[in-house]
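As provided, entry.csv (CSV, C-alpha atoms) reads as follows.
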```csv
chain,number,residue,atom,x,y,z
F,1,ASP,CA,0.0,0.0,0.0
F,2,ARG,CA,1.7,3.2,-1.2
F,3,SER,CA,-0.3,5.3,1.2
F,4,LEU,CA,1.8,3.8,4.0
F,5,VAL,CA,5.1,4.8,2.5
F,6,PRO,CA,5.2,8.4,3.8
F,7,ILE,CA,4.5,7.2,7.3
F,8,ILE,CA,7.3,4.6,7.1
F,9,ILE,CA,9.8,7.2,5.9
F,10,ARG,CA,8.8,10.3,8.0
F,11,GLY,CA,6.8,9.0,10.9
F,12,SER,CA,7.6,8.5,14.5
F,13,MET,CA,9.0,5.1,15.7
F,14,ALA,CA,5.6,3.9,16.7
F,15,MET,CA,4.0,5.1,13.4
F,16,ARG,CA,6.7,3.4,11.4
F,17,ARG,CA,6.1,0.2,13.3
F,18,ASN,CA,2.4,0.2,12.8
F,19,ALA,CA,2.7,1.1,9.1
F,20,LEU,CA,5.2,-1.8,8.6
F,21,MET,CA,2.8,-4.2,10.4
F,22,GLY,CA,0.1,-3.1,7.9
F,23,MET,CA,2.3,-3.7,4.9
F,24,ALA,CA,3.5,-7.1,6.2
F,25,ALA,CA,-0.2,-8.2,6.5
F,26,LEU,CA,-0.9,-7.3,2.9
F,27,GLY,CA,1.2,-10.1,1.4
F,28,GLY,CA,3.4,-10.0,-1.7
F,29,ALA,CA,6.9,-8.7,-2.2
F,30,GLY,CA,6.2,-5.6,-0.1
F,31,SER,CA,5.3,-7.8,2.9
F,32,VAL,CA,8.8,-9.5,2.8
F,33,ILE,CA,10.5,-6.1,2.9
F,34,ALA,CA,8.2,-4.9,5.7
F,35,ALA,CA,8.8,-8.1,7.7
F,36,ARG,CA,12.6,-7.5,7.5
F,37,HIS,CA,12.2,-3.9,8.7
F,38,LEU,CA,9.8,-5.1,11.5
F,39,TYR,CA,12.4,-7.7,12.7
F,40,ARG,CA,15.0,-4.9,12.7
F,41,TRP,CA,12.7,-2.5,14.6
F,42,TYR,CA,11.8,-5.0,17.3
F,43,SER,CA,15.4,-6.1,17.7
F,44,ARG,CA,16.5,-2.5,18.3
F,45,ALA,CA,13.5,-1.1,20.1
F,46,GLY,CA,14.7,-2.2,23.5
F,47,ARG,CA,18.3,-0.9,23.0
F,48,LYS,CA,19.5,1.6,25.5
F,49,LEU,CA,21.9,4.0,23.8
F,50,THR,CA,24.1,6.6,25.5
F,51,LEU,CA,25.4,9.6,23.6
F,52,HIS,CA,28.4,11.3,25.1
F,53,LEU,CA,28.6,14.9,24.0
F,54,TYR,CA,29.2,18.7,24.4
F,55,ASP,CA,26.0,20.8,24.1
F,56,HIS,CA,27.6,23.4,21.8
F,57,CYS,CA,29.5,20.9,19.6
F,58,PRO,CA,28.2,21.0,16.0
F,59,PHE,CA,29.3,17.4,15.4
F,60,CYS,CA,27.5,16.2,18.5
F,61,VAL,CA,24.3,18.1,17.5
F,62,ARG,CA,24.4,16.3,14.1
F,63,VAL,CA,23.9,13.0,15.9
F,64,GLU,CA,21.2,14.5,18.2
F,65,LEU,CA,19.3,15.8,15.3
F,66,VAL,CA,19.1,12.3,13.7
F,67,LEU,CA,18.3,10.4,16.9
F,68,GLY,CA,15.7,12.9,18.0
F,69,ARG,CA,14.0,13.2,14.6
F,70,PHE,CA,13.5,9.4,14.3
F,71,GLY,CA,12.4,8.9,17.9
F,72,ILE,CA,15.4,6.8,18.9
F,73,PRO,CA,15.7,6.9,22.7
F,74,PHE,CA,19.1,7.7,24.2
F,75,GLU,CA,20.7,8.9,27.4
F,76,ARG,CA,22.3,12.3,27.0
F,77,VAL,CA,25.6,12.6,28.9
F,78,VAL,CA,27.2,16.1,28.7
F,79,TYR,CA,30.8,16.9,29.6
F,80,GLY,CA,32.6,20.0,30.7
F,81,TYR,CA,34.8,21.2,27.9
F,82,GLY,CA,37.8,21.2,30.1
F,83,ASP,CA,37.2,17.6,31.4
F,84,MET,CA,40.1,15.5,30.2
F,85,LYS,CA,39.3,12.3,32.0
F,86,GLY,CA,35.7,11.6,30.9
F,87,PRO,CA,36.0,11.7,27.1
F,88,VAL,CA,39.5,10.1,27.2
F,89,ALA,CA,38.2,7.2,29.1
F,90,LEU,CA,35.8,6.4,26.2
F,91,THR,CA,38.2,6.4,23.3
F,92,GLY,CA,41.7,7.3,24.6
F,93,LYS,CA,41.3,10.8,23.1
F,94,LYS,CA,39.4,14.0,24.0
F,95,VAL,CA,36.9,13.6,21.3
F,96,LEU,CA,33.1,13.7,21.2
F,97,PRO,CA,30.5,12.6,20.3
F,98,VAL,CA,30.8,9.0,21.2
F,99,LEU,CA,27.8,6.6,21.0
F,100,GLU,CA,27.7,3.7,23.5
F,101,GLY,CA,25.3,0.8,23.9
F,102,PRO,CA,24.6,-2.9,23.2
F,103,GLY,CA,25.5,-3.7,19.6
F,104,VAL,CA,27.2,-0.4,18.9
F,105,PRO,CA,30.5,-1.2,17.1
F,106,ALA,CA,33.4,0.0,19.2
F,107,PRO,CA,36.9,0.1,17.7
F,108,ASP,CA,39.6,-1.8,19.6
F,109,GLY,CA,40.4,-0.2,23.0
F,110,MET,CA,37.3,2.0,22.9
F,111,LYS,CA,34.0,1.9,24.8
F,112,GLY,CA,31.9,3.3,22.0
F,113,LEU,CA,31.8,4.5,18.5
F,114,PRO,CA,33.3,8.0,17.8
F,115,GLU,CA,32.9,10.4,14.8
F,116,SER,CA,29.5,11.9,14.0
F,117,LEU,CA,29.3,10.6,10.5
F,118,ASP,CA,30.2,7.1,11.5
F,119,ILE,CA,27.6,7.2,14.3
F,120,ILE,CA,24.9,8.4,11.9
F,121,ALA,CA,25.8,5.8,9.3
F,122,TRP,CA,25.5,3.0,11.9
F,123,VAL,CA,22.2,4.4,13.3
F,124,THR,CA,20.8,4.7,9.8
F,125,SER,CA,21.7,1.1,9.0
F,126,ALA,CA,20.8,-0.4,12.4
F,127,TYR,CA,17.4,1.2,12.5
F,128,GLY,CA,16.5,1.0,8.8
F,129,LEU,CA,16.2,4.8,8.5
F,130,THR,CA,15.7,6.7,5.3
F,131,LEU,CA,18.1,9.7,5.3
F,132,PRO,CA,19.2,11.1,1.9
F,133,CYS,CA,22.9,11.5,1.5
F,134,ASP,CA,24.7,14.8,1.1
F,135,ASN,CA,24.7,15.6,-2.6
F,136,GLY,CA,27.6,18.0,-2.3
F,137,ARG,CA,25.8,21.1,-3.6
F,138,ALA,CA,28.5,23.6,-4.6
F,139,ASP,CA,26.4,26.7,-3.8
F,140,VAL,CA,25.8,25.5,-0.2
F,141,LEU,CA,29.5,24.7,0.2
F,142,ALA,CA,30.5,28.2,-1.1
F,143,TRP,CA,28.0,29.8,1.3
F,144,LYS,CA,29.3,27.7,4.2
F,145,LYS,CA,32.8,28.8,3.6
F,146,LYS,CA,31.8,32.5,3.9
F,147,TYR,CA,29.6,31.8,6.9
F,148,ASP,CA,32.3,30.0,8.8
F,149,GLU,CA,34.5,33.2,8.7
F,150,VAL,CA,31.7,35.2,10.4
F,151,ARG,CA,30.2,32.7,12.8
F,152,ARG,CA,33.4,31.8,14.6
F,153,PRO,CA,34.2,35.3,16.0
F,154,LEU,CA,30.5,35.9,16.7
F,155,GLN,CA,29.7,32.6,18.4
F,156,ARG,CA,32.8,31.7,20.4
F,157,PRO,CA,32.7,34.7,22.8
F,158,ARG,CA,29.0,34.1,23.4
F,159,LEU,CA,28.7,30.3,23.5
F,160,ILE,CA,30.9,30.2,26.6
F,161,GLN,CA,28.2,32.4,28.3
F,162,MET,CA,25.4,29.9,27.6
F,163,PRO,CA,24.1,28.1,30.8
F,164,VAL,CA,25.1,24.6,29.7
F,165,LYS,CA,27.4,22.1,31.4
F,166,ASP,CA,30.1,22.6,28.7
F,167,TRP,CA,31.1,25.8,30.6
F,168,ALA,CA,30.2,24.8,34.2
F,169,SER,CA,33.6,25.4,35.7
F,170,GLU,CA,36.4,27.9,35.3
F,171,GLU,CA,38.6,25.2,33.9
F,172,ASP,CA,36.2,24.7,31.0
F,173,ILE,CA,36.4,28.4,30.1
F,174,LYS,CA,40.1,28.5,30.6
F,175,TYR,CA,40.6,25.5,28.3
F,176,VAL,CA,38.5,26.8,25.4
F,177,LYS,CA,40.0,30.3,25.6
F,178,ALA,CA,43.5,28.8,25.5
F,179,LYS,CA,42.5,26.8,22.4
F,180,HIS,CA,41.0,29.7,20.5
F,181,THR,CA,43.9,32.1,21.3
F,182,LYS,CA,46.7,29.8,20.5
F,183,ASN,CA,47.2,31.4,17.0
F,184,ASN,CA,45.8,34.8,17.9
F,185,PRO,CA,46.2,36.0,21.6
F,186,ASN,CA,43.8,38.8,20.9
F,187,PHE,CA,41.0,36.7,19.3
F,188,TYR,CA,38.3,37.4,21.9
F,189,GLU,CA,39.1,41.2,22.1
F,190,GLU,CA,39.0,41.6,18.4
F,191,ALA,CA,35.9,39.5,18.1
F,192,GLU,CA,34.0,41.7,20.6
F,193,LYS,CA,35.3,44.9,19.0
F,194,ASN,CA,34.1,43.8,15.5
F,195,THR,CA,30.7,42.7,16.7
F,196,ASP,CA,28.6,45.2,14.8
F,197,GLU,CA,30.4,44.5,11.5
F,198,LEU,CA,30.2,40.8,12.0
F,199,VAL,CA,26.4,40.9,12.8
F,200,GLU,CA,25.8,42.9,9.7
F,201,LYS,CA,27.7,40.3,7.6
F,202,ALA,CA,25.9,37.4,9.3
F,203,ASN,CA,22.5,39.0,8.6
F,204,ALA,CA,23.4,39.3,4.9
F,205,LEU,CA,24.5,35.7,4.8
F,206,LEU,CA,21.3,34.5,6.3
F,207,VAL,CA,19.3,36.4,3.6
F,208,GLU,CA,21.5,34.6,1.1
F,209,PHE,CA,20.9,31.3,2.8
F,210,GLU,CA,17.2,31.7,2.4
F,211,THR,CA,17.6,31.4,-1.4
F,212,LEU,CA,19.3,28.0,-1.0
F,213,LEU,CA,16.3,26.4,0.6
F,214,GLU,CA,14.6,24.3,-2.1
F,215,GLY,CA,12.3,22.2,0.0
F,216,ASP,CA,10.0,22.6,3.0
F,217,ASP,CA,12.4,23.0,5.9
F,218,ALA,CA,15.1,21.4,3.8
F,219,LEU,CA,17.9,22.5,1.6
F,220,CYS,CA,16.9,20.0,-1.1
F,221,SER,CA,13.6,19.6,-2.9
F,222,TRP,CA,13.2,16.0,-1.8
F,223,GLY,CA,13.3,16.8,1.8
F,224,PHE,CA,15.5,16.6,5.0
F,225,GLY,CA,18.8,14.8,4.6
F,226,MET,CA,22.4,14.7,5.5
F,227,LEU,CA,23.1,18.1,3.9
F,228,ASP,CA,20.7,19.6,6.5
F,229,VAL,CA,22.3,17.5,9.3
F,230,LYS,CA,25.7,19.1,8.5
F,231,ILE,CA,24.5,22.7,8.1
F,232,LEU,CA,21.9,23.0,10.9
F,233,PRO,CA,24.2,22.8,14.0
F,234,ASP,CA,26.2,25.9,13.0
F,235,LEU,CA,22.9,27.8,12.3
F,236,ARG,CA,21.5,26.6,15.7
F,237,ASN,CA,24.6,28.0,17.5
F,238,MET,CA,24.0,31.4,15.9
F,239,THR,CA,20.9,31.7,18.2
F,240,CYS,CA,23.4,32.6,21.0
F,241,VAL,CA,24.1,36.0,19.2
F,242,LYS,CA,21.9,39.0,20.0
F,243,GLY,CA,21.0,41.3,17.1
F,244,ILE,CA,20.7,38.6,14.4
F,245,LYS,CA,17.9,39.3,12.0
F,246,TRP,CA,16.6,35.9,10.9
F,247,PRO,CA,14.7,35.8,7.6
F,248,PRO,CA,11.3,34.1,8.4
F,249,LYS,CA,12.0,31.0,6.2
F,250,VAL,CA,15.5,30.5,7.7
F,251,LEU,CA,14.2,30.9,11.2
F,252,ASP,CA,11.4,28.3,10.5
F,253,TYR,CA,14.0,26.0,9.0
F,254,VAL,CA,16.2,26.2,12.2
F,255,LYS,CA,13.3,26.1,14.7
F,256,ASN,CA,11.3,23.4,13.0
F,257,ASN,CA,14.2,21.0,12.4
F,258,CYS,CA,15.6,21.5,15.9
F,259,GLU,CA,12.2,20.9,17.4
F,260,LYS,CA,11.8,17.7,15.4
F,261,GLY,CA,15.3,16.7,16.5
F,262,LYS,CA,14.6,17.6,20.1
F,263,VAL,CA,17.6,20.0,20.1
F,264,SER,CA,17.2,23.2,22.2
F,265,LEU,CA,18.1,26.7,20.9
F,266,TYR,CA,20.1,29.4,22.7
F,267,GLU,CA,19.0,32.8,23.8
F,268,GLY,CA,21.1,35.6,22.2
F,269,ILE,CA,23.2,37.9,24.3
```

The structure given in the file should be rewritten as structure tokens.
Amino acid sequence: DRSLVPIIIRGSMAMRRNALMGMAALGGAGSVIAARHLYRWYSRAGRKLTLHLYDHCPFCVRVELVLGRFGIPFERVVYGYGDMKGPVALTGKKVLPVLEGPGVPAPDGMKGLPESLDIIAWVTSAYGLTLPCDNGRADVLAWKKKYDEVRRPLQRPRLIQMPVKDWASEEDIKYVKAKHTKNNPNFYEEAEKNTDELVEKANALLVEFETLLEGDDALCSWGFGMLDVKILPDLRNMTCVKGIKWPPKVLDYVKNNCEKGKVSLYEGI
């Protein structure tokens, strides 16, 4: 029954299960495929996953967007950015995100699976998700290159003021500032000084971004996919900046997708 396909692709976990049960009952070739997906769904439904992350980390947010959007339950463990022991205990390196849980492939010597794209690839396969790949749009990549030059000096001084566990201690702030001033000791002072100019540039880039949206709350006409997963986290982090003028379509894109992915926004300062 083709009427069930949109539910299977876009619905919640419960809706996907019920739709698959309906297809399996119809018989024919479609029922075989549905039965396979049902087996996979039931074998994964009881899995308890743990996602180790930083709240502000774009790579961590990528994984959260996918897990949240498809209704896959997980425990969210947030670390202070200056915490050396916690993340290192997982993989031997200070890197996040890391996904941990029964059946999650863990490289030798590690307790979980690192790297956002590897995690998403595993989740997509393990749960039978439909998530269109990144088609490498040149116009989006060109825009992202310009956006990165503006977002870093705007976001970094403000993200550390957000009330999240990433910055709960003085050591967390000290660590991130040392990291960002390694090549330019005056990074934070210059960023604050250039705020008005940077906000103006960011606003212009967001207007440009609006023209890149081809679908409903998606960069591509066929809907939400990996290209959105890669772009959204850096847009989400811009909500920590006061004075940003969000074009309505861009604001809806960020708000709606973050809501579906159960990712909270910041309050600009």

One-decimal distance in Å that lies between CA of Asn237 (chain F) and CA of Ile119 (chain F):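 Between CA of Ile119 (chain F) and CA of Asn237 (chain F) the gap works out to 21.3 Å.
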
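You will find CA of Ile72 (chain F) at 14.2 Å from CA of Leu131 (chain F).
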
Pick out the closest residue to Lys174 (chain F) from this set: F:Asp83, F:Leu265, F:Leu53, F:Ala204. Count all atoms listed in the file. F:Asp83

Using all atoms listed in the file, can you tell me which of F:Ser221, F:Thr239, F:Asn257, F:Gln161 comes closest to Pro132 (chain F)? F:Ser221

Measuring between all atoms listed in the file, which one of F:Val150, F:Thr211, F:Leu227, F:Met162 shows the shortest distance to Glu267 (chain F)? F:Met162

Can you tell me which residues surround Tyr188 (chain F) at a distance of at most 12 Å, considering all atoms listed in the file, apart from same-chain residues fewer than 2 positions away, and format the answer as a VMD selection string? chain F and resid 152 to 158 160 176 to 186 190 to 195

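Distance annotation: of F:Cys60, F:Arg76, F:Phe70, F:Lys165, the residue with the minimal separation from Asp118 (chain F) is F:Cys60; atom set is all atoms listed in the file.
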
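One finds CA of Val104 (chain F) at 27.8 Å from CA of Arg236 (chain F).
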